[in-house]
Structures are given as C-alpha cells and as structure tokens.
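Coordinates from protein.cif are shown below (mmCIF, C-alpha atoms).
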data_entry
loop_
_atom_site.group_PDB
_atom_site.id
_atom_site.type_symbol
_atom_site.label_atom_id
_atom_site.label_comp_id
_atom_site.auth_asym_id
_atom_site.auth_seq_id
_atom_site.Cartn_x
_atom_site.Cartn_y
_atom_site.Cartn_z
ATOM 1 C CA MET U 169 -34.436 -1.737 -54.764
ATOM 2 C CA LYS U 170 -34.514 -5.471 -54.243
ATOM 3 C CA ARG U 171 -36.108 -6.608 -50.998
ATOM 4 C CA LEU U 172 -34.298 -9.191 -48.900
ATOM 5 C CA ASN U 173 -35.962 -12.563 -48.798
ATOM 6 C CA GLU U 174 -36.445 -14.466 -45.555
ATOM 7 C CA ARG U 175 -33.329 -16.624 -45.997
ATOM 8 C CA GLU U 176 -31.107 -13.603 -46.577
ATOM 9 C CA LYS U 177 -32.608 -11.914 -43.516
ATOM 10 C CA GLN U 178 -31.862 -14.979 -41.407
ATOM 11 C CA THR U 179 -28.285 -15.134 -42.747
ATOM 12 C CA ILE U 180 -27.611 -11.476 -41.911
ATOM 13 C CA LEU U 181 -29.195 -11.887 -38.484
ATOM 14 C CA GLY U 182 -27.031 -14.951 -37.860
ATOM 15 C CA LEU U 183 -23.850 -13.151 -38.904
ATOM 16 C CA PHE U 184 -24.752 -10.192 -36.704
ATOM 17 C CA THR U 185 -25.323 -12.516 -33.745
ATOM 18 C CA VAL U 186 -21.967 -14.219 -34.316
ATOM 19 C CA PHE U 187 -20.302 -10.803 -34.506
ATOM 20 C CA ILE U 188 -21.837 -9.759 -31.178
ATOM 21 C CA ILE U 189 -20.748 -13.041 -29.560
ATOM 22 C CA ILE U 190 -17.163 -12.538 -30.814
ATOM 23 C CA ILE U 191 -17.092 -9.022 -29.339
ATOM 24 C CA LEU U 192 -18.423 -10.274 -26.010
ATOM 25 C CA LEU U 193 -15.921 -13.125 -25.909
ATOM 26 C CA ALA U 194 -13.063 -10.765 -26.793
ATOM 27 C CA SER U 195 -14.131 -8.336 -24.067
ATOM 28 C CA ALA U 196 -14.369 -11.158 -21.563
ATOM 29 C CA PHE U 197 -10.912 -12.405 -22.568
ATOM 30 C CA ILE U 198 -9.363 -8.934 -22.247
ATOM 31 C CA GLY U 199 -11.046 -8.448 -18.876
ATOM 32 C CA LEU U 200 -9.837 -11.844 -17.687
ATOM 33 C CA PHE U 201 -6.311 -11.151 -18.976
ATOM 34 C CA MET U 202 -6.159 -7.777 -17.219
ATOM 35 C CA SER U 203 -7.600 -9.283 -14.053
ATOM 36 C CA ARG U 204 -5.015 -12.061 -14.092
ATOM 37 C CA ASN U 205 -2.244 -9.549 -14.801
ATOM 38 C CA SER U 206 -3.436 -7.385 -11.917
ATOM 39 C CA ALA U 207 -3.624 -10.415 -9.641
ATOM 40 C CA SER U 208 -0.152 -11.482 -10.756
ATOM 41 C CA ASP U 209 1.247 -7.994 -10.077
ATOM 42 C CA ALA U 210 -0.379 -7.932 -6.655
ATOM 43 C CA LYS U 211 1.071 -11.354 -5.905
ATOM 44 C CA ASP U 212 4.548 -10.276 -7.017
ATOM 45 C CA ILE U 213 4.582 -7.109 -4.924
ATOM 46 C CA LYS U 214 3.196 -8.962 -1.896
ATOM 47 C CA LYS U 215 5.960 -11.538 -2.233
ATOM 48 C CA ALA U 216 8.593 -8.790 -2.618
ATOM 49 C CA TYR U 217 7.292 -7.008 0.492
ATOM 50 C CA GLU U 218 7.312 -10.233 2.504
ATOM 51 C CA SER U 219 10.899 -10.924 1.405
ATOM 52 C CA LEU U 220 11.928 -7.425 2.490
ATOM 53 C CA SER U 221 10.166 -7.867 5.843
ATOM 54 C CA GLU U 222 11.981 -11.146 6.478
ATOM 55 C CA VAL U 223 15.485 -9.666 6.181
ATOM 56 C CA LYS U 224 17.152 -10.084 9.559
ATOM 57 C CA ARG U 225 20.033 -7.645 9.239
ATOM 58 C CA LYS U 226 18.863 -4.153 8.375
ATOM 59 C CA PRO U 227 19.720 -0.585 9.398
ATOM 60 C CA THR U 228 18.124 0.528 12.664
ATOM 61 C CA ASN U 229 16.582 3.501 10.816
ATOM 62 C CA ALA U 230 15.095 1.351 8.032
ATOM 63 C CA THR U 231 11.417 1.899 7.268
ATOM 64 C CA ASN U 232 9.001 -0.927 6.508
ATOM 65 C CA ASP U 233 8.949 -0.027 2.820
ATOM 66 C CA GLY U 234 12.714 -0.026 2.310
ATOM 67 C CA GLY U 235 13.658 3.560 3.089
ATOM 68 C CA LEU U 236 16.252 5.095 5.414
ATOM 69 C CA LEU U 237 14.672 7.708 7.681
ATOM 70 C CA VAL U 238 17.043 10.415 8.927
ATOM 71 C CA GLN U 239 16.576 13.680 10.772
ATOM 72 C CA VAL U 240 18.769 16.314 12.368
ATOM 73 C CA GLY U 241 17.207 17.618 15.567
ATOM 74 C CA SER U 242 13.812 16.669 16.921
ATOM 75 C CA LYS U 243 11.370 19.113 15.325
ATOM 76 C CA LYS U 244 7.875 17.799 14.718
ATOM 77 C CA ASP U 245 5.318 18.713 12.069
ATOM 78 C CA ILE U 246 7.903 19.046 9.310
ATOM 79 C CA PRO U 247 7.724 17.488 5.815
ATOM 80 C CA THR U 248 9.275 14.117 5.022
ATOM 81 C CA VAL U 249 11.131 14.256 1.723
ATOM 82 C CA GLU U 250 11.741 10.906 0.021
ATOM 83 C CA PHE U 251 14.589 10.476 -2.449
ATOM 84 C CA TYR U 252 14.748 7.462 -4.771
ATOM 85 C CA LEU U 253 18.175 7.255 -6.362
ATOM 86 C CA ASP U 254 20.627 4.894 -8.002
ATOM 87 C CA PRO U 255 24.274 5.903 -7.411
ATOM 88 C CA LEU U 256 25.038 5.263 -11.091
ATOM 89 C CA CYS U 257 22.044 7.222 -12.439
ATOM 90 C CA PRO U 258 23.179 10.332 -14.383
ATOM 91 C CA ALA U 259 19.789 12.061 -14.072
ATOM 92 C CA CYS U 260 19.850 11.467 -10.295
ATOM 93 C CA ALA U 261 23.208 13.211 -10.233
ATOM 94 C CA GLN U 262 21.806 16.177 -12.152
ATOM 95 C CA ILE U 263 18.961 16.526 -9.692
ATOM 96 C CA ASP U 264 21.285 16.241 -6.709
ATOM 97 C CA ARG U 265 23.711 18.833 -8.054
ATOM 98 C CA THR U 266 20.772 21.189 -8.499
ATOM 99 C CA LEU U 267 18.953 20.568 -5.214
ATOM 100 C CA ASN U 268 21.628 19.424 -2.776
ATOM 101 C CA ASP U 269 22.599 22.847 -1.466
ATOM 102 C CA ASP U 270 19.045 23.792 -0.438
ATOM 103 C CA ILE U 271 18.189 20.250 0.656
ATOM 104 C CA GLY U 272 21.333 20.167 2.781
ATOM 105 C CA LYS U 273 20.498 23.477 4.443
ATOM 106 C CA MET U 274 16.897 22.479 5.148
ATOM 107 C CA TYR U 275 18.008 19.087 6.466
ATOM 108 C CA THR U 276 20.817 20.255 8.767
ATOM 109 C CA SER U 277 18.636 23.082 10.145
ATOM 110 C CA GLY U 278 15.855 20.636 10.980
ATOM 111 C CA GLN U 279 13.314 21.990 8.481
ATOM 112 C CA ILE U 280 12.745 18.593 6.820
ATOM 113 C CA LYS U 281 13.159 14.886 7.464
ATOM 114 C CA LEU U 282 14.667 12.712 4.764
ATOM 115 C CA GLU U 283 13.752 9.219 3.689
ATOM 116 C CA ILE U 284 16.442 7.906 1.365
ATOM 117 C CA HIS U 285 15.658 4.987 -0.940
ATOM 118 C CA PRO U 286 18.813 3.754 -2.690
ATOM 119 C CA VAL U 287 17.997 1.412 -5.571
ATOM 120 C CA ILE U 288 20.339 -0.749 -7.636
ATOM 121 C CA PHE U 289 18.696 -1.508 -10.967
ATOM 122 C CA LEU U 290 21.757 -0.036 -12.724
ATOM 123 C CA ASP U 291 24.085 -2.401 -10.882
ATOM 124 C CA LYS U 292 24.193 -4.545 -14.020
ATOM 125 C CA CYS U 293 25.915 -1.673 -15.840
ATOM 126 C CA SER U 294 28.994 -2.004 -13.623
ATOM 127 C CA SER U 295 31.503 -4.838 -13.406
ATOM 128 C CA ASP U 296 32.010 -4.539 -9.633
ATOM 129 C CA HIS U 297 28.497 -4.001 -8.229
ATOM 130 C CA TYR U 298 29.035 -0.276 -7.871
ATOM 131 C CA SER U 299 25.389 0.676 -7.228
ATOM 132 C CA ALA U 300 24.993 -2.056 -4.604
ATOM 133 C CA ARG U 301 28.223 -1.157 -2.805
ATOM 134 C CA VAL U 302 27.468 2.563 -2.652
ATOM 135 C CA SER U 303 23.825 1.957 -1.683
ATOM 136 C CA GLY U 304 25.018 -0.229 1.188
ATOM 137 C CA SER U 305 27.430 2.512 2.183
ATOM 138 C CA ILE U 306 24.625 5.107 2.157
ATOM 139 C CA ALA U 307 22.539 2.809 4.374
ATOM 140 C CA TYR U 308 25.330 2.368 6.931
ATOM 141 C CA ILE U 309 26.271 6.056 6.991
ATOM 142 C CA SER U 310 22.634 7.123 7.353
ATOM 143 C CA GLU U 311 22.519 4.966 10.482
ATOM 144 C CA LYS U 312 25.900 5.808 12.019
ATOM 145 C CA ASP U 313 26.438 9.403 10.874
ATOM 146 C CA PRO U 314 23.090 10.804 9.663
ATOM 147 C CA LYS U 315 24.305 14.395 9.911
ATOM 148 C CA HIS U 316 26.669 13.854 6.977
ATOM 149 C CA VAL U 317 24.667 11.482 4.769
ATOM 150 C CA VAL U 318 23.348 14.262 2.499
ATOM 151 C CA ALA U 319 26.887 15.559 1.995
ATOM 152 C CA PHE U 320 28.048 12.011 1.214
ATOM 153 C CA ILE U 321 25.388 11.604 -1.479
ATOM 154 C CA SER U 322 26.524 14.932 -2.919
ATOM 155 C CA GLU U 323 30.117 13.678 -3.091
ATOM 156 C CA ILE U 324 28.980 10.428 -4.732
ATOM 157 C CA PHE U 325 27.181 12.434 -7.421
ATOM 158 C CA ASP U 326 30.057 14.852 -7.927
ATOM 159 C CA GLU U 327 30.581 15.350 -11.651
ATOM 160 C CA LYS U 328 34.293 14.590 -11.358
ATOM 161 C CA PHE U 329 33.648 11.373 -9.434
ATOM 162 C CA GLN U 330 30.490 9.592 -10.615
ATOM 163 C CA PRO U 331 31.331 6.761 -13.046
ATOM 164 C CA SER U 332 29.660 6.465 -16.431
ATOM 165 C CA GLU U 333 26.873 3.910 -16.742
ATOM 166 C CA VAL U 334 27.728 3.508 -20.442
ATOM 167 C CA ASP U 335 31.508 3.288 -20.322
ATOM 168 C CA TYR U 336 31.981 2.057 -16.765
ATOM 169 C CA VAL U 337 35.445 1.928 -15.196
ATOM 170 C CA GLU U 338 35.846 -0.076 -11.977
ATOM 171 C CA MET U 339 35.668 1.960 -8.793
ATOM 172 C CA SER U 340 37.698 0.860 -5.757
ATOM 173 C CA ASP U 341 36.377 0.948 -2.202
ATOM 174 C CA GLU U 342 39.191 3.316 -1.302
ATOM 175 C CA LYS U 343 37.955 5.953 -3.755
ATOM 176 C CA ILE U 344 34.447 5.731 -2.272
ATOM 177 C CA ILE U 345 35.969 6.067 1.205
ATOM 178 C CA GLU U 346 37.788 9.218 0.088
ATOM 179 C CA GLN U 347 34.478 10.751 -1.017
ATOM 180 C CA ALA U 348 32.965 9.932 2.371
ATOM 181 C CA ILE U 349 35.870 11.607 4.170
ATOM 182 C CA LYS U 350 35.352 14.720 2.010
ATOM 183 C CA ALA U 351 31.745 14.753 3.289
ATOM 184 C CA GLY U 352 32.975 14.892 6.899
ATOM 185 C CA ILE U 353 32.633 11.193 7.712
ATOM 186 C CA SER U 354 35.363 9.439 9.694
ATOM 187 C CA ARG U 355 37.572 6.926 7.885
ATOM 188 C CA GLU U 356 36.451 4.238 10.328
ATOM 189 C CA ILE U 357 32.753 4.640 9.503
ATOM 190 C CA ALA U 358 33.462 5.078 5.793
ATOM 191 C CA LYS U 359 35.491 1.872 5.657
ATOM 192 C CA GLU U 360 32.967 -0.123 7.688
ATOM 193 C CA SER U 361 30.142 1.105 5.450
ATOM 194 C CA LEU U 362 31.564 -0.941 2.574
ATOM 195 C CA ASN U 363 31.659 -4.275 4.404
ATOM 196 C CA GLY U 364 28.388 -5.400 2.833
ATOM 197 C CA GLN U 365 26.448 -5.912 6.066
ATOM 198 C CA TYR U 366 23.242 -4.620 4.486
ATOM 199 C CA ASP U 367 23.578 -6.218 1.048
ATOM 200 C CA GLU U 368 20.502 -8.410 1.425
ATOM 201 C CA TRP U 369 18.377 -5.535 2.707
ATOM 202 C CA ILE U 370 19.461 -3.323 -0.197
ATOM 203 C CA GLU U 371 18.608 -6.057 -2.717
ATOM 204 C CA LYS U 372 15.187 -6.821 -1.230
ATOM 205 C CA SER U 373 14.386 -3.132 -0.834
ATOM 206 C CA ASN U 374 15.185 -2.588 -4.513
ATOM 207 C CA ASP U 375 13.035 -5.557 -5.589
ATOM 208 C CA TYR U 376 10.052 -4.159 -3.685
ATOM 209 C CA THR U 377 10.530 -0.512 -4.644
ATOM 210 C CA ILE U 378 10.590 -1.026 -8.416
ATOM 211 C CA LEU U 379 7.230 -2.855 -8.290
ATOM 212 C CA ARG U 380 5.312 -0.142 -6.420
ATOM 213 C CA SER U 381 2.586 1.468 -8.528
ATOM 214 C CA ASP U 382 2.421 4.479 -6.175
ATOM 215 C CA LEU U 383 5.930 5.444 -7.291
ATOM 216 C CA ILE U 384 5.128 6.001 -10.967
ATOM 217 C CA ALA U 385 5.651 9.679 -11.738
ATOM 218 C CA PRO U 386 3.369 11.596 -14.139
ATOM 219 C CA GLY U 387 4.318 10.905 -17.734
ATOM 220 C CA ARG U 388 6.134 7.668 -16.891
ATOM 221 C CA GLU U 389 5.003 4.117 -17.591
ATOM 222 C CA GLY U 390 6.794 2.547 -14.646
ATOM 223 C CA PHE U 391 9.151 3.238 -11.779
ATOM 224 C CA ALA U 392 12.137 5.396 -12.705
ATOM 225 C CA THR U 393 14.722 7.527 -10.976
ATOM 226 C CA PRO U 394 15.179 10.324 -10.143
ATOM 227 C CA LEU U 395 12.036 10.434 -8.019
ATOM 228 C CA ILE U 396 11.122 12.717 -5.130
ATOM 229 C CA ARG U 397 8.061 12.483 -2.900
ATOM 230 C CA VAL U 398 6.994 14.844 -0.139
ATOM 231 C CA ASN U 399 4.574 13.645 2.526
ATOM 232 C CA LYS U 400 3.888 10.586 0.333
ATOM 233 C CA ARG U 401 3.040 12.695 -2.729
ATOM 234 C CA ILE U 402 5.156 12.703 -5.885
ATOM 235 C CA TRP U 403 6.787 16.005 -6.765
ATOM 236 C CA SER U 404 6.526 16.201 -10.541
ATOM 237 C CA MET U 405 9.544 17.562 -12.394
ATOM 238 C CA LYS U 406 7.945 16.974 -15.793
ATOM 239 C CA ASP U 407 8.663 19.778 -18.278
ATOM 240 C CA MET U 408 10.434 21.798 -15.574
ATOM 241 C CA ALA U 409 13.593 23.732 -16.353
ATOM 242 C CA LEU U 410 16.595 22.220 -14.573
ATOM 243 C CA ASP U 411 17.934 25.571 -13.398
ATOM 244 C CA ASP U 412 14.626 26.371 -11.707
ATOM 245 C CA LEU U 413 14.173 23.091 -9.833
ATOM 246 C CA SER U 414 15.581 24.324 -6.550
ATOM 247 C CA ASP U 415 13.425 27.465 -6.317
ATOM 248 C CA ALA U 416 10.354 25.508 -7.401
ATOM 249 C CA PHE U 417 10.989 22.805 -4.815
ATOM 250 C CA VAL U 418 11.477 25.286 -1.988
ATOM 251 C CA GLU U 419 8.255 27.097 -2.911
ATOM 252 C CA SER U 420 6.331 23.813 -3.121
ATOM 253 C CA LEU U 421 7.159 23.210 0.564
ATOM 254 C CA GLY U 422 5.853 26.626 1.547
ATOM 255 C CA LEU U 423 9.183 28.359 2.079
ATOM 256 C CA LYS U 424 10.660 31.529 0.659
ATOM 257 C CA PRO U 425 14.228 31.315 -0.710
ATOM 258 C CA GLU U 426 15.529 33.484 2.133
ATOM 259 C CA GLU U 427 13.951 31.108 4.696
ATOM 260 C CA VAL U 428 15.933 28.070 3.573
ATOM 261 C CA GLY U 429 18.148 26.914 6.440
ATOM 262 C CA ASP U 430 16.443 29.129 9.021
ATOM 263 C CA GLU U 431 16.031 26.999 12.152
ATOM 264 C CA ASP U 432 13.130 29.169 13.340
ATOM 265 C CA VAL U 433 11.005 28.663 10.210
ATOM 266 C CA LYS U 434 9.104 25.488 9.352
ATOM 267 C CA PRO U 435 7.816 24.694 5.865
ATOM 268 C CA ARG U 436 4.163 25.706 5.724
ATOM 269 C CA ILE U 437 2.885 22.350 4.445
ATOM 270 C CA GLY U 438 3.888 20.646 7.700
ATOM 271 C CA SER U 439 4.101 16.877 8.032
ATOM 272 C CA LYS U 440 0.885 16.012 6.202
ATOM 273 C CA GLY U 441 0.124 18.853 3.808
ATOM 274 C CA LYS U 442 0.063 18.703 0.031
ATOM 275 C CA LEU U 443 2.740 20.259 -2.127
ATOM 276 C CA LEU U 444 1.923 23.840 -3.024
ATOM 277 C CA LYS U 445 1.546 24.973 -6.616
ATOM 278 C CA THR U 446 4.535 26.891 -7.894
ATOM 279 C CA ASN U 447 4.868 29.665 -10.448
ATOM 280 C CA THR U 448 4.453 28.584 -14.082
ATOM 281 C CA LYS U 449 7.677 30.429 -14.916
ATOM 282 C CA TYR U 450 9.507 27.294 -13.776
ATOM 283 C CA LEU U 451 8.180 25.238 -16.680
ATOM 284 C CA ALA U 452 10.697 24.657 -19.440
ATOM 285 C CA GLU U 453 9.964 26.305 -22.767
ATOM 286 C CA LYS U 454 11.086 23.191 -24.612
ATOM 287 C CA SER U 455 10.245 19.628 -23.586
ATOM 288 C CA ASP U 456 13.864 18.611 -24.114
ATOM 289 C CA ALA U 457 14.791 20.797 -21.156
ATOM 290 C CA SER U 458 12.949 18.410 -18.880
ATOM 291 C CA ILE U 459 15.098 16.351 -16.532
ATOM 292 C CA TYR U 460 13.466 13.217 -17.934
ATOM 293 C CA ALA U 461 15.019 13.863 -21.347
ATOM 294 C CA ASN U 462 17.990 11.901 -20.028
#

Starting from the file, give its structure as structure tokens.
Amino acid sequence: MKRLNEREKQTILGLFTVFIIIILLASAFIGLFMSRNSASDAKDIKKAYESLSEVKRKPTNATNDGGLLVQVGSKKDIPTVEFYLDPLCPACAQIDRTLNDDIGKMYTSGQIKLEIHPVIFLDKCSSDHYSARVSGSIAYISEKDPKHVVAFISEIFDEKFQPSEVDYVEMSDEKIIEQAIKAGISREIAKESLNGQYDEWIEKSNDYTILRSDLIAPGREGFATPLIRVNKRIWSMKDMALDDLSDAFVESLGLKPEEVGDEDVKPRIGSKGKLLKTNTKYLAEKSDASIYAN
C-alpha cells in the first residue's frame, strides 16, 4: 500500500481542520439562531402580557393571565379547572357535549372552581366576528350571572346551534340571546353581554394565551383548543376514547362517579394536588378515536 507523503498528509490535515471549523461555525450559528428565536419569543409574550395588563375595561373576575374565575359557593381547597375554548371550535364542542353534564354538577355543587379562557383565533372563519362576540358574552355572563355560565357554554356548543367554521352562516345577536335565555340567564343580562364592553380584553387575552408555552398539550407543537388544565397542570386527552372522557376526568380529580355533584364530597386532589392516573381502559384502541383527530 502506498504511503502518504508529507504534502498529502498536510493537505488531509488541512481539510480535516477546515471541516471541524465548519462544524463549529454551524453549531454556533444554530445556537445563536435558537437563542435569538427564544429571546424573540420571550419578548413577544412579555409584550402581549403587558398589553393585556394595560386594558382598562375588564371583567371584575378576570385573572391576570386572561381567564375568568367563577365559583358557586365558598368552599376552599377544591380544584381549579381551566377551560380554553373557541366558540367556533368543533372539537371544543365535542368535549363540552361529553363533559358538560359532570362539569356542571361539580361546579354548581361547589366541588370545583372554573377558570374560563375564551379565545378567538377562529374569528377569521366568520364574517361577523362570531367567536369574539360570543367570547365577550361569556365574559360578561361569567361576571354577572356566574351560576349559569356553564349552562350558557353548553347551549353555545349545542349541536343544533353551533355554526360551521368551514361553511359559516352569519349568526345574529338575537339567536345568541335566545341560547342564553335557554341557559337560565335573563334577557337583560343576555342582551347587555353582546354590547362589546370587553372586546379589547378578549382580544388581548387571546393574543397572550396563544403564545404561552405552558399551554402546549402533549403531542402538540403549539397552543390548540380544546385544552383543559387542573391546578395548573394539563389534562391530556391524547389517544383517549371520546365516550370515556367524562369518567376519566372525574377519576383524575379523585372522585367516584356516584360522588359527582355531592356537596359533601370534595375532590381528593384538593386545590394544589396533581391529577390522578386513570384506568388504561379509557385509552382509545385506534389513534383516530382521539379527540385531536379533528
């Protein structure tokens, strides 16, 4: 085998050195790019939070991070359940139709607090700002008639009422008012809820919410609805059968099905505990049965 002469050795060594330098420069560039992206993201979310904080007219029950905190009764040491929903979101409607009965019972009996986060990223799919109008209505009703806000959301997501995001047909204020009245809300409050008094707060809350990295559910690349958190922890619905969601959710709070709505029983996880693991029987056999398939 031919031995390499000195010149050839120097050439190979030089090429190897150049190769190493290129790798180091590429790594440095990628690191700098990711650092700048991270800094840019942090700057964007800080700006969005500041804009939300500066809104003058907001619901009296608004949280600092753009939620609407509601409770029936005054029980302490109970879980806070956060709902992130867009009124035009079909998957949100599926979740609500599945969970609303148990959620409603737990809420009205004082077993849980609710923190509702209406978002409006699907507003562009409507010709009359449907998501924004209904989100503003939810905000007002949560403040003025919190007892019926869960029922109102249920009526908004009713299969016979919710408009299509694909083939949208304009929805009048009067039809939204009718749904509110069905939920037990007075016509006066229902009508006033659509006057747009919280439009700016809804917009700024949405802008902040969709940037939050702590709201990215397992298996997702960014913020998406439907999303549920309990005591600041995401409840994962990934690969879970839709029909089993309600039982799984109740168990994750530390309740038995027969305890739902019982005023004398508190969920075992309390106000700070982690979600409990639920039976694997709730997992869907096929991935297309997951709620996220929509």

query: Applied to the shown file, which residues does the PyMOL selection byres ((chain U and resi 246) around 10) return, written as number ranges by chain?
result: U: 242-245, 247-249, 278-281, 399, 421, 434-441

For Val418 of chain U, the nearest of the candidates U:Ile353, U:Ile271, U:Lys442, U:Val240, counting all atoms listed in the file: U:Ile271

Can you list what the PyMOL selection byres ((chain U and resi 349) around 12) grabs from this structure, as an mmCIF file with C-alpha atoms, keeping the file's coordinate frame?
data_model
loop_
_atom_site.group_PDB
_atom_site.id
_atom_site.type_symbol
_atom_site.label_atom_id
_atom_site.label_comp_id
_atom_site.auth_asym_id
_atom_site.auth_seq_id
_atom_site.Cartn_x
_atom_site.Cartn_y
_atom_site.Cartn_z
ATOM 1 C CA ILE U 309 26.271 6.056 6.991
ATOM 2 C CA ASP U 313 26.438 9.403 10.874
ATOM 3 C CA HIS U 316 26.669 13.854 6.977
ATOM 4 C CA VAL U 317 24.667 11.482 4.769
ATOM 5 C CA ALA U 319 26.887 15.559 1.995
ATOM 6 C CA PHE U 320 28.048 12.011 1.214
ATOM 7 C CA ILE U 321 25.388 11.604 -1.479
ATOM 8 C CA GLU U 323 30.117 13.678 -3.091
ATOM 9 C CA ILE U 324 28.980 10.428 -4.732
ATOM 10 C CA GLU U 342 39.191 3.316 -1.302
ATOM 11 C CA LYS U 343 37.955 5.953 -3.755
ATOM 12 C CA ILE U 344 34.447 5.731 -2.272
ATOM 13 C CA ILE U 345 35.969 6.067 1.205
ATOM 14 C CA GLU U 346 37.788 9.218 0.088
ATOM 15 C CA GLN U 347 34.478 10.751 -1.017
ATOM 16 C CA ALA U 348 32.965 9.932 2.371
ATOM 17 C CA LYS U 350 35.352 14.720 2.010
ATOM 18 C CA ALA U 351 31.745 14.753 3.289
ATOM 19 C CA GLY U 352 32.975 14.892 6.899
ATOM 20 C CA ILE U 353 32.633 11.193 7.712
ATOM 21 C CA SER U 354 35.363 9.439 9.694
ATOM 22 C CA ARG U 355 37.572 6.926 7.885
ATOM 23 C CA GLU U 356 36.451 4.238 10.328
ATOM 24 C CA ILE U 357 32.753 4.640 9.503
ATOM 25 C CA ALA U 358 33.462 5.078 5.793
ATOM 26 C CA LYS U 359 35.491 1.872 5.657
#

query: Excluding same-chain residues fewer than 5 positions from Glu419 of chain U, what lies within 8 Å of it counting only C-alpha atoms, as a ChimeraX atom specification?
result: /U:424-425,444-446

Restrict the selected residues to C-alpha atoms and save them as a short mmCIF file (atom, residue, chain, number, x, y, z; two decimals), keeping the file's coordinate frame.
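The result, written out as part-v2.cif:
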data_model
loop_
_atom_site.label_atom_id
_atom_site.label_comp_id
_atom_site.auth_asym_id
_atom_site.auth_seq_id
_atom_site.Cartn_x
_atom_site.Cartn_y
_atom_site.Cartn_z
CA LYS U 424 10.66 31.53 0.66
CA PRO U 425 14.23 31.32 -0.71
CA LEU U 444 1.92 23.84 -3.02
CA LYS U 445 1.55 24.97 -6.62
CA THR U 446 4.54 26.89 -7.89
#

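You can rank U:Tyr217, U:Tyr308, U:Phe325, U:Tyr275 by their closest distance to Val428 of chain U using all atoms listed in the file, and at the top of that list sits U:Tyr275.
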
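Our summary of the geometry notes that atom CA of Thr231 of chain U is positioned 11.2 Å from atom CA of Trp369 of chain U.
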
message: What's the separation between atom CA of Ser373 of chain U and atom CA of Ile288 of chain U, in Å to one decimal place?
response: 9.3 Å

query: Which residues come within 9 Å of Ser303 of chain U, counting all atoms listed in the file, excluding same-chain residues fewer than 3 positions away, as a count of residues only?
result: 14

- prompt: Between atom CA of Lys312 of chain U and atom CA of Thr276 of chain U, what is the spacing in Å?
  reply: 15.7 Å

- prompt: Which neighbours of segment 413-415 of chain U fall inside 9 Å, counting all atoms listed in the file, when residues of the same chain fewer than 5 positions from it are skipped, and could you give them as a PyMOL selection string?
  reply: chain U and resi 263+266-271+405+408+420+424-425+450

- request: Carefully work through the PyMOL selection byres ((chain U and resi 256) around 12) for this structure and note down the residues it includes, as a PyMOL selection string.
  value: chain U and resi 253-255+257-262+286-294+297-303+321+324-327+329-337+339+393-394

- request: Return the single residue from U:Lys328, U:Asn229, U:Glu431, U:Met274 that is closest to Phe417 of chain U, with distances computed using only C-alpha atoms.
  value: U:Met274

- prompt: In terms of the shortest atom-to-atom distance over only C-alpha atoms, which of U:Asn374, U:Ser381, U:Leu423, U:Thr228 is closest to Pro314 of chain U?
  reply: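 Of U:Asn374, U:Ser381, U:Leu423, U:Thr228, the one nearest Pro314 of chain U is U:Thr228, counting only C-alpha atoms.
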
message: Please determine, counting all atoms listed in the file, which residue among U:Leu220, U:Leu443, U:Val318, U:Ala392 has the shortest atom-to-atom distance to Ile378 of chain U.
response: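 The answer is U:Ala392, which sits nearest to Ile378 of chain U.
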